[in-house]
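Asker: So I've got this file, structure33.txt, and it contains compact mmCIF, C-alpha atoms:
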# COMPACT_ATOMS: atom_id res chain seq x y z
CA MET A 1 -169.87 138.44 -219.44
CA SER A 2 -170.86 135.30 -221.33
CA ALA A 3 -169.21 134.20 -224.54
CA ASN A 4 -172.55 134.71 -226.27
CA LEU A 5 -172.75 138.32 -225.19
CA ILE A 6 -169.17 138.96 -226.24
CA SER A 7 -169.79 137.49 -229.68
CA SER A 8 -172.96 139.50 -230.17
CA GLY A 9 -171.49 142.69 -228.74
CA THR A 10 -174.74 143.43 -226.91
CA THR A 11 -176.05 143.07 -223.38
CA ALA A 12 -179.73 143.90 -223.64
CA ARG A 13 -182.96 142.04 -224.32
CA GLU A 14 -182.34 141.14 -227.98
CA LYS A 15 -179.28 139.23 -229.10
CA VAL A 16 -177.88 140.86 -232.22
CA ASN A 17 -174.65 139.69 -233.84
CA LEU A 18 -172.82 142.79 -235.00
CA ARG A 19 -169.93 140.76 -236.37
CA THR A 20 -171.50 139.13 -239.40
CA PRO A 21 -169.10 138.81 -242.37
CA GLU A 22 -171.13 141.27 -244.43
CA VAL A 23 -171.17 143.93 -241.70
CA MET A 24 -167.51 143.51 -240.76
CA THR A 25 -166.34 143.70 -244.37
CA ALA A 26 -168.13 147.04 -244.73
CA VAL A 27 -166.83 148.21 -241.35
CA GLN A 28 -163.22 147.34 -242.20
CA GLU A 29 -163.40 149.30 -245.45
CA GLN A 30 -164.76 152.32 -243.63
CA VAL A 31 -162.33 152.12 -240.69
CA GLU A 32 -159.31 151.66 -242.95
CA SER A 33 -160.33 154.63 -245.06
CA HIS A 34 -160.30 156.75 -241.90
CA TYR A 35 -157.31 155.44 -239.97
CA ARG A 36 -154.94 153.40 -242.15
CA SER A 37 -151.62 154.75 -243.48
CA ASP A 38 -149.80 153.39 -246.53
CA ILE A 39 -146.64 155.31 -245.67
CA VAL A 40 -146.50 153.98 -242.11
CA ASP A 41 -147.10 150.44 -243.37
CA LYS A 42 -144.25 150.80 -245.88
CA VAL A 43 -141.82 152.19 -243.29
CA ARG A 44 -142.69 149.38 -240.89
CA ARG A 45 -142.07 146.76 -243.57
CA SER A 46 -138.63 148.27 -244.21
CA GLY A 47 -137.58 147.96 -240.59
CA GLY A 48 -139.15 151.08 -239.12
CA ILE A 49 -136.47 153.47 -240.40
CA ILE A 50 -136.66 156.05 -243.17
CA SER A 51 -133.95 158.53 -244.14
CA ILE A 52 -134.38 161.37 -246.63
CA GLY A 53 -131.91 164.21 -246.95
CA ASP A 54 -130.48 164.86 -243.52
CA VAL A 55 -133.58 163.68 -241.59
CA THR A 56 -133.78 160.11 -240.32
CA VAL A 57 -136.93 158.88 -238.60
CA ARG A 58 -137.04 155.78 -236.45
CA LEU A 59 -140.45 154.36 -235.54
CA ALA A 60 -140.95 152.31 -232.38
CA LYS A 61 -141.59 148.66 -233.20
CA GLN A 62 -145.01 148.81 -231.51
CA PHE A 63 -147.28 151.84 -231.48
CA GLY A 64 -150.80 152.90 -232.36
CA PHE A 65 -154.11 151.08 -232.11
CA CYS A 66 -154.20 147.96 -229.94
CA TYR A 67 -156.68 145.10 -230.35
CA GLY A 68 -159.01 146.45 -227.66
CA VAL A 69 -159.21 149.87 -229.32
CA GLU A 70 -159.70 148.35 -232.79
CA ARG A 71 -162.50 146.15 -231.42
CA ALA A 72 -164.25 149.10 -229.74
CA ILE A 73 -164.12 151.20 -232.91
CA ASP A 74 -165.25 148.26 -235.08
CA LEU A 75 -168.25 147.64 -232.84
CA ALA A 76 -169.24 151.30 -232.86
CA TYR A 77 -169.12 151.44 -236.66
CA ALA A 78 -170.94 148.08 -236.85
CA ALA A 79 -173.67 149.33 -234.50
CA ARG A 80 -174.29 152.28 -236.79
CA LYS A 81 -174.66 149.94 -239.79
CA VAL A 82 -176.86 147.34 -238.04
CA PHE A 83 -179.10 149.79 -236.17
CA LYS A 84 -179.62 152.15 -239.12
CA ASP A 85 -182.92 153.61 -238.00
CA ARG A 86 -182.34 153.81 -234.25
CA ARG A 87 -180.84 156.51 -232.07
CA LEU A 88 -177.27 155.71 -231.01
CA PHE A 89 -175.49 157.03 -227.91
CA ILE A 90 -172.13 156.45 -226.25
CA VAL A 91 -171.14 156.67 -222.57
CA GLY A 92 -168.37 159.26 -222.83
CA GLU A 93 -165.44 159.01 -225.26
CA ILE A 94 -164.87 155.67 -226.96
CA ILE A 95 -161.10 156.16 -226.56
CA HIS A 96 -158.82 159.08 -225.66
CA ASN A 97 -158.21 160.52 -229.09
CA PRO A 98 -160.08 163.61 -230.27
CA GLU A 99 -159.93 162.75 -233.99
CA VAL A 100 -161.39 159.30 -233.41
CA ASN A 101 -164.09 160.69 -231.13
CA GLU A 102 -165.01 163.25 -233.80
CA GLN A 103 -165.38 160.42 -236.31
CA ILE A 104 -167.67 158.55 -233.92
CA SER A 105 -169.73 161.72 -233.46
CA SER A 106 -169.95 162.16 -237.25
CA LEU A 107 -171.74 158.79 -237.38
CA GLY A 108 -174.58 160.37 -235.43
CA ILE A 109 -173.59 158.74 -232.14
CA LYS A 110 -174.34 161.19 -229.31
CA ASN A 111 -172.32 161.45 -226.11
CA LEU A 112 -174.09 160.89 -222.76
CA LEU A 113 -171.28 161.97 -220.41
CA GLY A 114 -168.34 164.33 -220.02
CA THR A 115 -167.46 167.75 -221.36
CA ASN A 116 -168.84 166.94 -224.82
CA LYS A 117 -172.17 165.68 -223.48
CA GLU A 118 -174.94 165.92 -226.08
CA ALA A 119 -177.77 164.02 -224.34
CA SER A 120 -178.79 162.66 -220.92
CA ILE A 121 -179.42 159.14 -219.68
CA GLU A 122 -182.84 160.38 -218.54
CA ASP A 123 -183.72 161.03 -222.19
CA LEU A 124 -183.08 157.44 -223.30
CA ARG A 125 -185.91 155.30 -224.67
CA PRO A 126 -186.22 151.49 -224.89
CA ASP A 127 -185.51 151.45 -228.63
CA ASP A 128 -182.25 153.40 -228.22
CA VAL A 129 -178.81 151.82 -228.58
CA VAL A 130 -176.07 152.71 -226.07
CA ILE A 131 -172.38 151.96 -226.63
CA VAL A 132 -170.16 151.36 -223.60
CA PRO A 133 -166.60 152.50 -224.46
CA ALA A 134 -163.34 150.55 -224.23
CA PHE A 135 -162.74 151.87 -220.66
CA GLY A 136 -166.04 150.40 -219.44
CA THR A 137 -168.30 152.47 -217.22
CA GLU A 138 -169.38 152.65 -213.60
CA VAL A 139 -171.88 150.09 -212.31
CA SER A 140 -174.39 152.81 -211.36
CA THR A 141 -174.27 154.33 -214.85
CA LEU A 142 -174.76 150.94 -216.47
CA GLU A 143 -177.71 150.17 -214.21
CA GLN A 144 -179.35 153.48 -215.10
CA ILE A 145 -179.04 152.67 -218.79
CA LYS A 146 -180.36 149.14 -218.31
CA SER A 147 -183.33 150.52 -216.40
CA ARG A 148 -184.31 152.49 -219.52
CA GLY A 149 -184.53 149.20 -221.43
CA CYS A 150 -181.95 150.18 -224.04
CA GLN A 151 -179.94 147.93 -226.33
CA ILE A 152 -176.37 147.93 -224.99
CA VAL A 153 -173.29 147.42 -227.16
CA ASP A 154 -170.45 146.71 -224.75
CA THR A 155 -166.96 147.39 -226.15
CA THR A 156 -165.16 147.18 -222.78
CA CYS A 157 -161.59 145.92 -223.22
CA GLY A 158 -160.98 142.38 -221.98
CA ASP A 159 -157.92 143.52 -219.99
CA VAL A 160 -160.09 146.01 -218.11
CA MET A 161 -162.63 143.30 -217.31
CA SER A 162 -159.81 141.14 -215.92
CA VAL A 163 -159.07 143.90 -213.40
CA TRP A 164 -162.77 144.05 -212.48
CA LYS A 165 -162.74 140.32 -211.79
CA ARG A 166 -159.72 140.77 -209.54
CA VAL A 167 -161.14 143.65 -207.44
CA ARG A 168 -164.47 141.85 -207.06
CA LYS A 169 -162.54 138.92 -205.65
CA TYR A 170 -160.74 141.24 -203.24
CA ALA A 171 -164.11 142.58 -202.07
CA SER A 172 -165.45 139.05 -201.55
CA GLU A 173 -162.43 138.35 -199.35
CA SER A 174 -162.93 141.59 -197.35
CA ALA A 175 -159.71 143.00 -198.80
CA THR A 176 -159.56 146.69 -199.66
CA SER A 177 -158.48 147.38 -203.25
CA ILE A 178 -155.61 149.84 -203.52
CA ILE A 179 -155.83 150.90 -207.16
CA HIS A 180 -152.80 152.45 -208.83
CA GLY A 181 -154.25 154.94 -211.32
CA LYS A 182 -155.87 158.30 -211.87
CA ALA A 183 -158.99 158.62 -209.71
CA GLU A 184 -160.73 160.80 -212.31
CA HIS A 185 -159.99 158.46 -215.24
CA GLU A 186 -163.01 156.64 -216.71
CA GLU A 187 -161.37 153.24 -216.39
CA THR A 188 -160.39 153.76 -212.77
CA LYS A 189 -163.89 154.99 -211.92
CA ALA A 190 -165.33 151.87 -213.52
CA THR A 191 -162.88 149.64 -211.63
CA SER A 192 -163.52 151.44 -208.34
CA SER A 193 -167.25 150.80 -208.67
CA ARG A 194 -166.56 147.06 -209.08
CA ALA A 195 -164.26 147.12 -206.04
CA LEU A 196 -167.33 147.81 -203.91
CA GLY A 197 -168.44 144.23 -204.62
CA ASN A 198 -171.92 143.65 -203.21
CA GLY A 199 -171.72 147.00 -201.43
CA THR A 200 -169.41 146.09 -198.55
CA GLY A 201 -166.09 146.40 -200.40
CA HIS A 202 -163.70 149.34 -200.23
CA TYR A 203 -161.07 150.98 -202.39
CA LEU A 204 -158.36 153.64 -202.28
CA VAL A 205 -156.79 155.14 -205.42
CA VAL A 206 -153.11 156.17 -205.41
CA LEU A 207 -151.43 157.89 -208.33
CA THR A 208 -147.84 158.54 -207.28
CA LEU A 209 -145.16 156.81 -205.25
CA ALA A 210 -145.31 159.76 -202.83
CA GLU A 211 -148.99 159.00 -202.22
CA THR A 212 -148.10 155.33 -201.85
CA ASP A 213 -145.49 156.19 -199.21
CA TYR A 214 -148.09 158.25 -197.32
CA VAL A 215 -150.41 155.23 -197.25
CA CYS A 216 -147.54 152.95 -196.22
CA ALA A 217 -146.64 155.23 -193.33
CA TYR A 218 -150.25 155.03 -192.15
CA ILE A 219 -150.22 151.24 -192.48
CA ARG A 220 -147.10 151.06 -190.32
CA HIS A 221 -147.84 153.71 -187.71
CA GLY A 222 -151.41 154.99 -188.07
CA GLY A 223 -151.91 158.74 -188.11
CA ASP A 224 -154.36 161.59 -188.51
CA LYS A 225 -157.48 160.00 -189.98
CA ALA A 226 -159.06 163.31 -190.96
CA ALA A 227 -155.90 164.44 -192.77
CA PHE A 228 -155.70 161.07 -194.56
CA LEU A 229 -159.29 161.26 -195.78
CA ASP A 230 -158.82 164.85 -196.88
CA LYS A 231 -155.67 163.98 -198.83
CA PHE A 232 -157.50 161.21 -200.69
CA ARG A 233 -160.86 162.94 -201.04
CA ASN A 234 -162.59 161.77 -204.21
CA ALA A 235 -160.19 158.82 -204.31
CA HIS A 236 -161.69 156.42 -201.77
CA SER A 237 -164.88 154.44 -201.26
CA PRO A 238 -167.83 155.81 -199.25
CA GLY A 239 -167.33 155.14 -195.55
CA PHE A 240 -163.62 154.38 -195.99
CA ASP A 241 -161.79 154.29 -192.65
CA PRO A 242 -157.99 153.95 -192.87
CA ASP A 243 -157.89 152.59 -189.31
CA VAL A 244 -160.12 149.69 -190.39
CA HIS A 245 -159.84 149.21 -194.13
CA LEU A 246 -156.05 149.10 -194.49
CA GLY A 247 -155.92 145.82 -192.57
CA THR A 248 -156.18 143.50 -195.58
CA ILE A 249 -155.19 144.88 -198.97
CA GLY A 250 -155.20 143.78 -202.60
CA VAL A 251 -153.33 145.90 -205.15
CA ALA A 252 -154.75 146.46 -208.64
CA ASN A 253 -154.20 149.11 -211.28
CA GLN A 254 -155.48 151.11 -214.18
CA THR A 255 -154.31 148.93 -217.07
CA THR A 256 -152.38 151.72 -218.82
CA MET A 257 -149.98 152.63 -216.00
CA LEU A 258 -146.22 152.13 -216.17
CA ARG A 259 -145.51 148.54 -215.19
CA GLY A 260 -142.40 149.43 -213.21
CA GLU A 261 -144.28 152.02 -211.18
CA THR A 262 -147.20 149.68 -210.45
CA GLU A 263 -144.73 147.00 -209.36
CA GLU A 264 -143.10 149.54 -207.04
CA VAL A 265 -146.49 150.45 -205.54
CA GLN A 266 -147.08 146.75 -204.93
CA ARG A 267 -143.62 146.26 -203.41
CA ARG A 268 -143.92 149.22 -201.04
CA VAL A 269 -147.42 148.30 -199.83
CA ARG A 270 -146.38 144.68 -199.31
CA GLN A 271 -143.33 145.77 -197.29
CA ALA A 272 -145.46 148.07 -195.12
CA ILE A 273 -147.84 145.21 -194.30
CA LEU A 274 -144.89 142.91 -193.66
CA ASP A 275 -143.40 145.47 -191.25
CA ARG A 276 -146.73 145.84 -189.46
CA ASP A 277 -147.89 142.21 -189.35
CA GLY A 278 -144.84 140.01 -189.74
CA PRO A 279 -144.41 137.30 -192.41
CA GLU A 280 -147.20 134.91 -191.37
CA LEU A 281 -150.01 137.48 -191.12
CA ALA A 282 -148.71 139.49 -194.07
CA ALA A 283 -149.19 136.46 -196.32
CA LYS A 284 -152.91 136.62 -195.48
CA ASN A 285 -153.26 140.40 -195.47
CA PHE A 286 -151.69 141.24 -198.83
CA ARG A 287 -152.40 140.12 -202.39
CA PHE A 288 -151.43 141.28 -205.85
CA PHE A 289 -152.14 140.29 -209.43
CA ASP A 290 -150.48 141.60 -212.60
CA THR A 291 -153.17 143.59 -214.41
CA ILE A 292 -151.10 145.74 -216.78
CA CYS A 293 -152.53 145.66 -220.31
CA GLY A 294 -150.38 143.60 -222.68
CA ALA A 295 -150.55 146.20 -225.45
CA THR A 296 -149.54 148.96 -223.04
CA GLN A 297 -146.54 146.89 -222.00
CA GLU A 298 -145.59 146.14 -225.62
CA ARG A 299 -145.55 149.84 -226.44
CA GLN A 300 -143.51 150.68 -223.36
CA ASP A 301 -141.03 147.90 -224.13
CA ALA A 302 -140.76 149.02 -227.77
CA LEU A 303 -140.04 152.60 -226.72
CA ARG A 304 -137.51 151.41 -224.17
CA GLU A 305 -135.71 149.57 -226.97
CA LEU A 306 -135.92 152.61 -229.28
CA LEU A 307 -134.44 154.84 -226.58
CA GLU A 308 -131.29 152.71 -226.55
CA VAL A 309 -130.50 154.09 -230.01
CA LYS A 310 -128.85 157.49 -230.36
CA MET A 311 -131.50 160.02 -231.38
CA ASP A 312 -131.79 163.79 -231.19
CA LEU A 313 -135.43 164.02 -230.16
CA LEU A 314 -138.63 162.04 -229.71
CA LEU A 315 -142.15 162.84 -230.91
CA VAL A 316 -145.01 161.16 -229.02
CA VAL A 317 -148.30 161.50 -230.89
CA GLY A 318 -151.75 161.17 -229.33
CA GLY A 319 -154.50 162.52 -227.13
CA TYR A 320 -153.36 164.51 -224.12
CA ASN A 321 -155.84 162.72 -221.83
CA SER A 322 -154.53 159.30 -222.87
CA ALA A 323 -152.81 157.70 -219.88
CA ASN A 324 -150.77 155.18 -221.86
CA THR A 325 -149.57 157.90 -224.26
CA SER A 326 -148.63 160.20 -221.37
CA HIS A 327 -146.49 157.46 -219.88
CA LEU A 328 -144.62 157.07 -223.17
CA ALA A 329 -143.86 160.80 -223.06
CA GLU A 330 -142.63 160.44 -219.47
CA MET A 331 -140.30 157.64 -220.53
CA GLY A 332 -138.92 159.76 -223.37
CA GLU A 333 -138.34 162.79 -221.16
CA GLU A 334 -135.97 160.78 -219.00
CA LYS A 335 -133.64 160.20 -221.96
CA LEU A 336 -133.82 163.04 -224.52
CA PRO A 337 -135.83 166.09 -225.68
CA THR A 338 -139.41 164.81 -226.01
CA TYR A 339 -142.42 166.53 -227.52
CA PHE A 340 -145.92 165.18 -226.83
CA VAL A 341 -148.07 166.44 -229.73
CA LEU A 342 -151.76 166.02 -230.47
CA ASN A 343 -151.22 165.78 -234.22
CA ALA A 344 -149.18 167.16 -237.13
CA SER A 345 -150.69 170.63 -236.78
CA ARG A 346 -148.60 171.15 -233.65
CA LEU A 347 -145.38 171.14 -235.68
CA LEU A 348 -145.72 174.88 -236.31
CA SER A 349 -142.37 175.36 -238.07
CA ASP A 350 -138.81 174.10 -237.93
CA LYS A 351 -138.31 176.64 -235.14
CA GLU A 352 -141.50 176.19 -233.07
CA ILE A 353 -143.50 173.22 -231.86
CA LEU A 354 -146.67 173.33 -229.74
CA HIS A 355 -146.52 170.40 -227.33
CA TYR A 356 -148.14 169.24 -224.12
CA ASN A 357 -146.12 169.90 -220.98
CA LEU A 358 -146.96 167.03 -218.61
CA HIS A 359 -145.85 168.99 -215.56
CA GLU A 360 -147.79 172.17 -216.33
CA ARG A 361 -150.70 170.18 -217.86
CA ARG A 362 -151.03 172.53 -220.79
CA GLU A 363 -149.72 173.10 -224.29
CA VAL A 364 -146.59 175.22 -224.54
CA VAL A 365 -144.40 176.37 -227.42
CA ALA A 366 -140.82 175.10 -227.59
CA HIS A 367 -138.30 176.96 -229.76
CA ASN A 368 -135.47 175.68 -231.96
CA TRP A 369 -136.69 172.10 -231.53
CA LEU A 370 -135.59 170.86 -234.97
CA THR A 371 -131.90 171.57 -235.23
CA ASN A 372 -130.07 172.33 -238.47
CA GLY A 373 -127.99 169.61 -240.06
CA PRO A 374 -128.41 165.86 -239.73
CA VAL A 375 -131.09 164.91 -237.23
CA VAL A 376 -132.50 161.58 -236.00
CA VAL A 377 -136.12 161.72 -234.82
CA GLY A 378 -137.89 158.93 -232.95
CA ILE A 379 -141.66 158.62 -233.22
CA THR A 380 -144.12 156.60 -231.15
CA ALA A 381 -147.78 156.76 -230.22
CA GLY A 382 -150.13 155.31 -227.64
CA ALA A 383 -152.73 152.60 -228.13
CA SER A 384 -155.44 155.15 -228.94
CA CYS A 385 -153.63 156.89 -231.81
CA PRO A 386 -154.47 155.83 -235.40
CA ASN A 387 -151.74 155.38 -238.02
CA ASN A 388 -153.08 158.17 -240.23
CA LEU A 389 -152.03 160.68 -237.54
CA ILE A 390 -148.53 159.19 -237.54
CA GLU A 391 -148.41 159.56 -241.32
CA GLU A 392 -149.51 163.18 -241.14
CA THR A 393 -146.80 163.84 -238.54
CA LEU A 394 -144.16 162.22 -240.76
CA ILE A 395 -145.31 164.27 -243.76
CA ARG A 396 -145.24 167.50 -241.77
CA LEU A 397 -141.80 166.74 -240.32
CA TYR A 398 -140.28 166.24 -243.75
CA GLN A 399 -142.15 169.21 -245.21
CA LEU A 400 -140.34 171.39 -242.69
CA ARG A 401 -137.12 170.31 -244.42
CA GLY A 402 -138.48 170.95 -247.91
CA ILE A 403 -139.35 167.34 -248.71
CA SER A 404 -142.79 166.74 -250.22
CA ALA A 405 -145.33 164.06 -249.30
CA GLU A 406 -144.76 162.51 -252.75
CA GLN A 407 -141.00 162.26 -252.12
CA LEU A 408 -141.68 160.70 -248.71
CA ASN A 409 -144.08 158.17 -250.18
CA THR A 410 -141.58 157.22 -252.89
CA ALA A 411 -138.71 156.89 -250.41
CA ALA A 412 -140.86 154.73 -248.13
CA GLY A 413 -141.06 152.19 -250.96
Starting from the coordinates I provided, produce the structure as structure tokens.
Answerer:
Amino acid sequence: MSANLISSGTTAREKVNLRTPEVMTAVQEQVESHYRSDIVDKVRRSGGIISIGDVTVRLAKQFGFCYGVERAIDLAYAARKVFKDRRLFIVGEIIHNPEVNEQISSLGIKNLLGTNKEASIEDLRPDDVVIVPAFGTEVSTLEQIKSRGCQIVDTTCGDVMSVWKRVRKYASESATSIIHGKAEHEETKATSSRALGNGTGHYLVVLTLAETDYVCAYIRHGGDKAAFLDKFRNAHSPGFDPDVHLGTIGVANQTTMLRGETEEVQRRVRQAILDRDGPELAAKNFRFFDTICGATQERQDALRELLEVKMDLLLVVGGYNSANTSHLAEMGEEKLPTYFVLNASRLLSDKEILHYNLHERREVVAHNWLTNGPVVVGITAGASCPNNLIEETLIRLYQLRGISAEQLNTAAG
């Protein structure tokens, strides 16, 4: 994408600069009124720790909206202001947070894809405006929209586009992209479509280290092709043949995966190719490039640091379909009782909390989660969670101990 298109935020026939000072001033006021938190800002300025009564809360040093998410939201709000009299649509969710997506919908921006679909691409007209979300979208979807002649406002995160550049390069070198991610995730679908290159490229998506080991065993020894293709159905390119397309491999990833796990995928695949081909050929048949999002890594590092401190429990706040938030919850679970909550409403009482069980993939109720007596609670959130939801969670937590929002605000400074 050219610098001009990035600055204008559009990719259709007319160049419109959405980022004029006047528009962005109005957008910032609106966005801050929806998502900013005075209490969170105060706690952060005081070192990320607040203690009232017998409840101490420690915030991770980095959490909440990243630059890419802020940019996507800003552009969506700006599009509504600039294109006042035109129909606005978005390709799926702008980010993985239900509250934010509801706000986008309240602007009159209709969804074209997914479970909350409100319109179809076939219904688009040339004077319509279509927003591409932070995850990007598949090449075929984008081409369909372009064919309708619509104005396109592209909010795709720069880190995601870096991965696209990498997998296109793999395709041009006849290397199959092994993508570490969730095959059904919007970002991974968008990346997979770019891994096809000019139509001759191939990809395979692996989610777990167990799946990676299965692929590695096939690289080393071959195996049952039909069983392989069945295991990875819906997670490989059309016409993928493991006997042919695992010869030369480039590893990439969904940008919100755990860095350590992606590095382990890379290490295991590299070793399998080394075992099969020997050092000289392996140097030609394997490639890797670090494509973990910087903000994702910052939030993981911040939580890792927080987990070194003695705490009684951890609250992870955010959308349940957010990959980067889910990984934070996974990290917490390894160390202490961790509750992944959508928002403050899930803190039902000091005895019950409704949280998302990553293993059962559903909300469950945990009992006696907030113990009597002194308690230290850690709080973090993924890159798609606004600060106002953190504030509401803080308020609710202290309310459960009889401390009002006014007392919390005063104590925060």
Asker: Excluding region 384-396 of chain A and any residue of its chain fewer than 4 positions from it, enumerate the residues within 6 Å of it, using all atoms listed in the file, and give them as number ranges by chain.
Answerer: A: 35-37, 40, 64-65, 318, 344, 405
Asker: Could you give me, as CSV, every region 154-194 of chain A residue with an atom at most 8 Å from region 238-256 of chain A, plus its closest atom pair and distance in Å to one decimal, counting all atoms listed in the file, rows ordered by chain then number?
Answerer:
residue,atom,partner,partner_atom,distance
A:Asp159,CA,A:Thr255,CA,7.1
A:Val160,CA,A:Thr255,CA,6.6
A:Val163,CA,A:Ala252,CA,6.9
A:Arg166,CA,A:Ala252,CA,7.6
A:Val167,CA,A:Ala252,CA,7.1
A:Tyr170,CA,A:Gly250,CA,6.1
A:Ser174,CA,A:Thr248,CA,7.2
A:Ala175,CA,A:Thr248,CA,4.8
A:Thr176,CA,A:Ile249,CA,4.8
A:Ser177,CA,A:Gly250,CA,4.9
A:Ile178,CA,A:Val251,CA,4.8
A:Ile179,CA,A:Asn253,CA,4.8
A:His180,CA,A:Asn253,CA,4.4
A:Gly181,CA,A:Gln254,CA,4.9
A:Lys182,CA,A:Gln254,CA,7.6
A:Glu187,CA,A:Gln254,CA,6.6
A:Thr188,CA,A:Gln254,CA,5.8
A:Thr191,CA,A:Gln254,CA,8.0
Asker: Name the closest residue to Ile152 (chain A) among the candidates A:Arg194, A:Val91, A:Val205, A:Asn97; distances are taken between atoms, counting only C-alpha atoms.
Answerer: A:Val91
Asker: Which residues, protein or nucleic acid, reach to within 12 Å of (-151.9, 161.0, -223.8) in the file's coordinates when using only C-alpha atoms, and can you give that as a ChimeraX atom specification?
Answerer: /A:64,95-98,256-257,316-330,339-343,355-358,361-362,380-385
Asker: Calculate how many Å separate CA of Gly222 (chain A) from CA of Ala272 (chain A), rounding to one decimal.
Answerer: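 Rounded to one decimal, the two atoms are 11.5 Å apart.
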